[in-house]
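J.: Could you have a look at this structure, given as structure tokens, before my questions?
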Amino acid sequence: MTPSPLVLGLLAALATPLVAAEPARAQPELPIGGGRIAMEFTGPTPDAGDDALRTWTVRAAEAVSDYYGRYPVPRLHLEVEIDDGERVHGGHERDGNTIEICVGRHVTPDMLASDWRLTHEMIHLAFPDLDRSELWMEEGLATYLEPIARVRVGQIDAERVWGDLVDGLPKGLPERGDRGLDRTHTWGRTYWGGALFWLLADIEIRERSHGERSLRDALRAILDAGGDNSQPWKVDRVIAVADAAAGAPVLDGLYRRLALAPGREDLEALWRKLGVRVEEGRVAYDDRAPDAKLRVAITAR
Ligand SMILES: [Zn+2]
């Protein structure tokens, strides 16, 4: 039986929320690093106040601007949805100009100060939009760079950076049947396998240039060539621009070894070379390790 128009009308009324959606609260635009951030908060005012969300945004933007020498895009639209939880969650960047992220109304200023998600999303702004098969390159970069950008401005300490890498990178190693980063799209390979690619790139650029250059030069060159996330690029162009700035075919070699093939990597040997070890949950350093100076430079301000 087909419902009568009256029944249909009643059903439509029941499906309509009793309380209309709250209007978004537009915030004054934040000028930062030569760019501007237009914020919009939807939902209840958090316990810590809207000011706490602005402070959180400024911290993330400062870390990213410091690394790149400027805010990566001229204007970001930041949409913050406040829900009933107590943490920052979700997070999605799109088109190189918009970030959506959720924050619980009971979040504390301390939790906002230790949040990594907004910095992660902002790093996506500074890198071109690649083909799906190279998602690992975008996610791996945000995974590697988020703590590096934050440690450089004093938001976290170096022990946290190395401790998390020692803990996380094994999740990015190839397992049986792996076909390289371009063709093995698991969570571990995408985020941590990609992060390992960028850590190895940072180390090799520093080694080959005797500390004169770093991954930062390569990434700034990509951004200066217009490669923000609104721009679709082919991976060959990323490699060419980065390697020209690095002064050596570093990404080219790593891409062949880790993306087109499984590329086994001995992490224990890497930590020995950098002089990092974790003992009883604490990070300890060996300053006589061959690359100890390089390790210090990676997290230095
Ligand atoms: Zn991401």
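Letters for chains follow the order of the structure tokens (A, B, ...), residue numbers begin at 1 for each chain, and ligand numbers begin at 1 in the order shown.
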Enumerate as a PyMOL selection string all residues of range 34-136 of chain A assigned to strand (DSSP E or B) by DSSP on the backbone, naming them with the chain letters and numbers the document uses.
T.: chain A and resi 35-42+75-83+88-94+98-104+129
J.: Considering only C-alpha atoms and all ligand atoms, tabulate each residue of chain A that lies at most 8 Å from ligand 1 along with its nearest interatomic pair and the corresponding distance in Å to one decimal; arrange the rows by chain and ascending residue number and present them as a Markdown table.
T.:
| residue | atom | partner | partner_atom_place_in_ligand_line | distance |
| --- | --- | --- | --- | --- |
| A:Gly91 | CA | ligand 1 | 1 (Zn) | 7.9 |
| A:His92 | CA | ligand 1 | 1 (Zn) | 7.1 |
| A:Glu93 | CA | ligand 1 | 1 (Zn) | 7.6 |
| A:His120 | CA | ligand 1 | 1 (Zn) | 6.2 |
| A:Glu121 | CA | ligand 1 | 1 (Zn) | 5.8 |
| A:His124 | CA | ligand 1 | 1 (Zn) | 6.6 |
| A:Glu138 | CA | ligand 1 | 1 (Zn) | 7.1 |
| A:Glu139 | CA | ligand 1 | 1 (Zn) | 4.8 |
| A:Ala142 | CA | ligand 1 | 1 (Zn) | 6.0 |
| A:Thr143 | CA | ligand 1 | 1 (Zn) | 7.4 |
J.: Please dump the current selection as a PDB file, in the first residue's frame; keep N, CA and C atoms.
T.:
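result_20.pdb written:
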ATOM      1  N   GLY A  91      39.509  14.565  11.288  1.00  0.00           N
ATOM      2  CA  GLY A  91      40.536  15.368  10.627  1.00  0.00           C
ATOM      3  C   GLY A  91      40.626  14.970   9.174  1.00  0.00           C
ATOM      4  N   HIS A  92      40.375  15.943   8.312  1.00  0.00           N
ATOM      5  CA  HIS A  92      40.377  15.664   6.876  1.00  0.00           C
ATOM      6  C   HIS A  92      40.719  16.953   6.141  1.00  0.00           C
ATOM      7  N   GLU A  93      41.694  16.861   5.265  1.00  0.00           N
ATOM      8  CA  GLU A  93      42.082  18.031   4.464  1.00  0.00           C
ATOM      9  C   GLU A  93      41.596  17.784   3.043  1.00  0.00           C
ATOM     10  N   HIS A 120      49.117  17.595  11.506  1.00  0.00           N
ATOM     11  CA  HIS A 120      49.146  16.571  10.438  1.00  0.00           C
ATOM     12  C   HIS A 120      48.341  17.047   9.216  1.00  0.00           C
ATOM     13  N   GLU A 121      47.142  17.531   9.458  1.00  0.00           N
ATOM     14  CA  GLU A 121      46.300  17.960   8.331  1.00  0.00           C
ATOM     15  C   GLU A 121      46.900  19.173   7.627  1.00  0.00           C
ATOM     16  N   HIS A 124      49.490  18.340   5.093  1.00  0.00           N
ATOM     17  CA  HIS A 124      48.934  17.903   3.802  1.00  0.00           C
ATOM     18  C   HIS A 124      48.771  19.079   2.834  1.00  0.00           C
ATOM     19  N   GLU A 138      51.904  10.968   0.599  1.00  0.00           N
ATOM     20  CA  GLU A 138      51.247  12.088   1.280  1.00  0.00           C
ATOM     21  C   GLU A 138      51.069  11.790   2.776  1.00  0.00           C
ATOM     22  N   GLU A 139      50.566  10.579   3.087  1.00  0.00           N
ATOM     23  CA  GLU A 139      50.322  10.249   4.498  1.00  0.00           C
ATOM     24  C   GLU A 139      51.630  10.019   5.256  1.00  0.00           C
ATOM     25  N   ALA A 142      53.084  13.445   6.162  1.00  0.00           N
ATOM     26  CA  ALA A 142      52.406  14.069   7.309  1.00  0.00           C
ATOM     27  C   ALA A 142      52.776  13.334   8.604  1.00  0.00           C
ATOM     28  N   THR A 143      52.912  12.018   8.535  1.00  0.00           N
ATOM     29  CA  THR A 143      53.270  11.226   9.720  1.00  0.00           C
ATOM     30  C   THR A 143      54.688  11.549  10.180  1.00  0.00           C
TER      31      THR A 143
END
J.: Please identify the alpha helix (DSSP H) residues within range 8-115 of chain A (assignment by DSSP from backbone atoms) and present them as a count of residues only.
T.: 32
J.: Using only C-alpha atoms, find the one residue out of A:Arg105, A:Arg206, A:Arg295, A:Arg75 that sits nearest to Ala48 in chain A.
T.: A:Arg105
J.: Provide the CA of Pro128 in chain A to CA of Trp233 in chain A distance in Å, to one decimal place.
T.: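 Atom-to-atom, CA of Pro128 in chain A to CA of Trp233 in chain A, that is 5.9 Å.
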